[in-house]
Amino acid sequence: MTAAGVHQPVRQAARAPVRSPALGWLRLAYLYLISRRAPAALALLAALGALLWAALHWQWSIAGGPAAKLVIPLTIEAGAAAAVAVTAHGPFGEPERATGRWLPCLRLGAIVALTAAAAGVLAAGAAAGSLPGGFLAMLRNVAGITGIGLLSAAVVGGALAWTGPMAYLVLTETALAGHATTPWVWPARPPHDTGGALCAAGVLAAGTLLVTVRGARESVRD
Amino acid sequence: MTTATDSPVRRLPPPAGGAVALTAARLLWLELRRNTMPWLLPLIAALLWFDSYRPSTGVAPYWVLRTFWNMGQGHTIVDVAPFVAGVAAWMGSRDGRRGTADLLTAAARPRWAVQLATWAATAIWAVGGYLVFVGVMFAVYAYQGARGEPPWWWVAVGAAAVLAFSAAGFALGALYPSRFAAPLAAFGALLAMGTSSQIGFSHTSGWAQILPTNSHGNFQPDSGMLYPWLPDLAIARIMFLAGIAVAALGALGLPAAAGGQRLRRAAGAAALAGVAAAGTAVGLADTARLGPQGLVIPALHDAANDRPIAYTPVCAGAGFRVCLNPYYRTDLAHVTAALAPVVREVAGLPGAPVGAAQTAARYSAGEGQGAQAMTISGHPPVLGMPLGALGLPAASGWAHGVAAGQLRLLFVHAFAGAGSGAGTPAQQAVQAALLRGTGIPFVMQSKLLSSVGLPGSKAALTATGPVYAAARRLAALPPAARDAWLAAHLGALRAGHLTLAQLP
């Protein structure tokens, strides 16, 4: 056995045949979305849209004040936000971080696409009846709670990212029952309220920025 | 090298019982250490403080009032259960997500047993955390001087609910091993609790009593003060929730990979038993009827629980003695002061009570809003006051005079013999005149009537009409003339034989 040839340049690994950069990009995005279980997330979002449709069509609502009436739509909106946030969890860890040059772009693209999908399917579901606050309020709620989910993903990991939206939901219900007026409880604000919209947008921006740049935390206990 | 193929296969001696227990304990200890649940306990504690404890501090320090929101309406379960279901689903989906399910199938222990160990660890953390948090909350209430007896049975219901949600979430995670299993279980649990509230708010009786957020007819004064908390419904709910837990865990043992045939049969039997227990509990709840001390389920009822709690009353007042349950000690001075004007007004009249004693409030349909009529009975006559039904300190407190007005109204209402309804027009007129004598103007009386659940009329809103005209005439009489007329006609008035025209 000899060591001959070790100083010779390593031959490039055989590349997968790529017809064009655009196709390569598409393939990369596809693989990224698959690794984040985006198809399952889309299916879940569609199911939540259908649930919202059923809730509005058959007029499921909790008896009581404004807080009680918001429970079902808000739970569905928070569920959709949680589904988006959970996709931030990556299965590859350090190797992906070390080699994935385009990872921030892929993360950003996935977040934007899935958040838009969530808003879209819920808007479709809302067509069945009168959604409290209408489309604008739903959009604000989904965006803001998705931001909370993404912040949770950055802090506790993508796997437990749903805990943020869930905690916010519980806190919001209590705050609504107590007639809270702070814009941080944006579901309590009217649809055209600037303060609530700014808070929700700010949280979404912060969450998106954190997850785009750093990704979801991976040290959470599994 | 030879192969002794003919020699008999040596069978390993069966493990001793102690060894099995030790191995199971080690497995459980391992799962306890590697569990995700403890990581979420601080968040759950914060939510319990915000949503379950904080809103309860606005009411008077009676156990039944302080715990109505968090135990009666099940807010502790709403705060804890979604997180428990989510984490349990995460733990249940672990092997599937990691792709190690097949490996475990070939391990020394049946897969079902391993799954049960993982679930048990999750449930221990969840139920333990719940009990610790509720224990701390109750300790704070006790430190603040909460009066009465804590609703321990409802704490047990909460623990059973946490157990059931952990089992259901775990089963979902094991059957659908995905990263979405946890949020699906968590938000599903919250929706289930929301639906439970929706059904609970609109169903005051029947099967819906089994729902852990339904407080109708099961969380009212004077439970834990003048009579014990009835455990009937709590037992049915524990049975229902435990049944769900057993059914969910049994379902885990049904797939072929779960273990041997005997084990799977046992799992099937457990699942069926769980379903049967839950179904039986629903059936039992359907038979519940509202008794004076809460919901009674005949098949579960223990007559010993009907016995009132013995106590030595605390009394005040020199001539007219007012005696209350010691748990209402702080209200004694207020009650005595509130009744004094009516006592002066009716002093010397036939049937006027010589004292007042607290009586147990009867449970009413719904959540116990509205007052109950006072009674005058015995020789010498004594005024019986179901103070618990007024929810006195919780409703309005003594500061604004509403509670004092309610007491005066109910006293006068009983004195006029009007019973539990509005009374005859003549009784209403005498009641209004006597109330006017205690310092409550006619125009204020309509609001007071509605505050104690007595029917009023449009005329009562403006204190006009024949009833108030007669009341004004009676109130305008000199005290001696009025007392003389009352002394002569009280019997007929109480019997309902007097008409407005017969009033002076």
# chains A, B, ... in the order shown; residues from 1 in each chain; ligands from 1

call {"tool": "closest_atom_pairs", "arguments": {"of": "chain B", "to": "chain A", "cutoff": "6 Å", "atoms": "only C-alpha atoms", "output": "tab-separated table"}}
result
residue	atom	partner	partner_atom	distance
B:Asp51	CA	A:Thr174	CA	6.0
B:Pro183	CA	A:Trp162	CA	5.7
B:Gln198	CA	A:Ile62	CA	4.6

call {"tool": "residues_around", "arguments": {"residues": "Pro350 (chain B)", "least_positions_apart": "2", "cutoff": "7 Å", "atoms": "only C-alpha atoms", "output": "list in words"}}
result
Gly348, Ala352 and Ala487 of chain B

call {"tool": "write_last_selection", "arguments": {"atoms": "C-alpha atoms", "output": "PDB file, in the first residue's frame"}}
result
ATOM      1  CA  GLY B 348     -93.840  44.925  68.647  1.00  0.00           C
ATOM      2  CA  ALA B 352     -91.923  40.005  64.376  1.00  0.00           C
ATOM      3  CA  ALA B 487    -101.152  44.529  63.990  1.00  0.00           C
TER       4      ALA B 487
END

call {"tool": "closest_residue", "arguments": {"among": "A:Ala50, A:Ala81, A:Ala116, A:Ile111", "to": "Tyr32 (chain A)", "atoms": "only C-alpha atoms"}}
result
A:Ile111

call {"tool": "atom_distance", "arguments": {"atom1": "CA of Gly196 (chain A)", "atom2": "CA of Pro183 (chain A)"}}
result
4.4 Å

call {"tool": "select_by_dssp", "arguments": {"residues": "region 199-331 of chain B", "states": "strand (DSSP E or B)", "output": "VMD selection string"}}
result
chain B and resid 223 227 289 to 291 294 to 296 314 to 316 321 to 324

call {"tool": "write_last_selection", "arguments": {"atoms": "C-alpha atoms", "output": "CSV table (one decimal), in the first residue's frame"}}
result
chain,number,residue,atom,x,y,z
B,223,SER,CA,-70.5,24.3,50.0
B,227,TYR,CA,-72.4,21.6,54.4
B,289,ARG,CA,-80.5,16.0,39.9
B,290,LEU,CA,-80.1,19.2,41.7
B,291,GLY,CA,-80.4,18.8,45.5
B,294,GLY,CA,-75.4,20.4,45.0
B,295,LEU,CA,-75.8,17.8,42.2
B,296,VAL,CA,-76.8,14.4,43.5
B,314,VAL,CA,-71.1,33.6,66.4
B,315,CYS,CA,-73.7,36.1,67.7
B,316,ALA,CA,-74.1,39.8,68.1
B,321,ARG,CA,-79.6,38.6,68.4
B,322,VAL,CA,-78.0,37.9,65.0
B,323,CYS,CA,-76.2,34.6,64.8
B,324,LEU,CA,-74.0,33.5,61.9

call {"tool": "residues_around", "arguments": {"residues": "Ala137 (chain A)", "least_positions_apart": "5", "cutoff": "10 Å", "atoms": "only C-alpha atoms", "output": "PDB file with N, CA and C atoms, in the first residue's frame"}}
result
ATOM      1  N   LEU A 131     -66.489  36.555  10.118  1.00  0.00           N
ATOM      2  CA  LEU A 131     -65.351  36.383  11.028  1.00  0.00           C
ATOM      3  C   LEU A 131     -65.237  37.635  11.895  1.00  0.00           C
ATOM      4  N   PRO A 132     -65.138  37.479  13.227  1.00  0.00           N
ATOM      5  CA  PRO A 132     -65.024  38.669  14.076  1.00  0.00           C
ATOM      6  C   PRO A 132     -63.812  39.515  13.664  1.00  0.00           C
ATOM      7  N   VAL A 142     -52.861  36.487  12.624  1.00  0.00           N
ATOM      8  CA  VAL A 142     -52.010  35.394  12.138  1.00  0.00           C
ATOM      9  C   VAL A 142     -50.556  35.867  12.044  1.00  0.00           C
ATOM     10  N   ALA A 143     -50.363  37.082  11.519  1.00  0.00           N
ATOM     11  CA  ALA A 143     -49.000  37.591  11.377  1.00  0.00           C
ATOM     12  C   ALA A 143     -48.331  37.739  12.739  1.00  0.00           C
ATOM     13  N   TRP A 186     -53.260  42.436  20.551  1.00  0.00           N
ATOM     14  CA  TRP A 186     -53.855  42.955  19.327  1.00  0.00           C
ATOM     15  C   TRP A 186     -55.197  42.321  18.946  1.00  0.00           C
ATOM     16  N   PRO A 187     -55.475  41.066  19.319  1.00  0.00           N
ATOM     17  CA  PRO A 187     -56.810  40.553  18.962  1.00  0.00           C
ATOM     18  C   PRO A 187     -57.937  41.353  19.606  1.00  0.00           C
ATOM     19  N   ALA A 188     -57.624  42.087  20.682  1.00  0.00           N
ATOM     20  CA  ALA A 188     -58.668  42.870  21.344  1.00  0.00           C
ATOM     21  C   ALA A 188     -58.911  44.196  20.645  1.00  0.00           C
ATOM     22  N   ARG A 189     -58.032  44.583  19.734  1.00  0.00           N
ATOM     23  CA  ARG A 189     -58.139  45.900  19.097  1.00  0.00           C
ATOM     24  C   ARG A 189     -58.975  45.813  17.820  1.00  0.00           C
ATOM     25  N   PRO A 190     -59.562  46.935  17.426  1.00  0.00           N
ATOM     26  CA  PRO A 190     -60.347  46.937  16.175  1.00  0.00           C
ATOM     27  C   PRO A 190     -59.441  46.638  14.980  1.00  0.00           C
ATOM     28  N   PRO A 191     -60.011  46.201  13.866  1.00  0.00           N
ATOM     29  CA  PRO A 191     -59.186  45.781  12.718  1.00  0.00           C
ATOM     30  C   PRO A 191     -58.300  46.888  12.160  1.00  0.00           C
ATOM     31  N   HIS A 192     -58.754  48.139  12.232  1.00  0.00           N
ATOM     32  CA  HIS A 192     -57.983  49.230  11.632  1.00  0.00           C
ATOM     33  C   HIS A 192     -57.078  49.920  12.649  1.00  0.00           C
ATOM     34  N   ASP A 193     -56.947  49.340  13.830  1.00  0.00           N
ATOM     35  CA  ASP A 193     -56.144  49.978  14.866  1.00  0.00           C
ATOM     36  C   ASP A 193     -54.662  49.939  14.491  1.00  0.00           C
ATOM     37  N   GLY A 196     -52.201  48.160  17.350  1.00  0.00           N
ATOM     38  CA  GLY A 196     -52.220  46.701  17.321  1.00  0.00           C
ATOM     39  C   GLY A 196     -51.503  46.155  16.098  1.00  0.00           C
ATOM     40  N   ALA A 197     -51.747  46.806  14.947  1.00  0.00           N
ATOM     41  CA  ALA A 197     -51.108  46.348  13.703  1.00  0.00           C
ATOM     42  C   ALA A 197     -49.595  46.504  13.792  1.00  0.00           C
TER      43      ALA A 197
END

call {"tool": "atom_distance", "arguments": {"atom1": "CA of Ala273 (chain B)", "atom2": "CA of Gly243 (chain B)"}}
result
7.3 Å
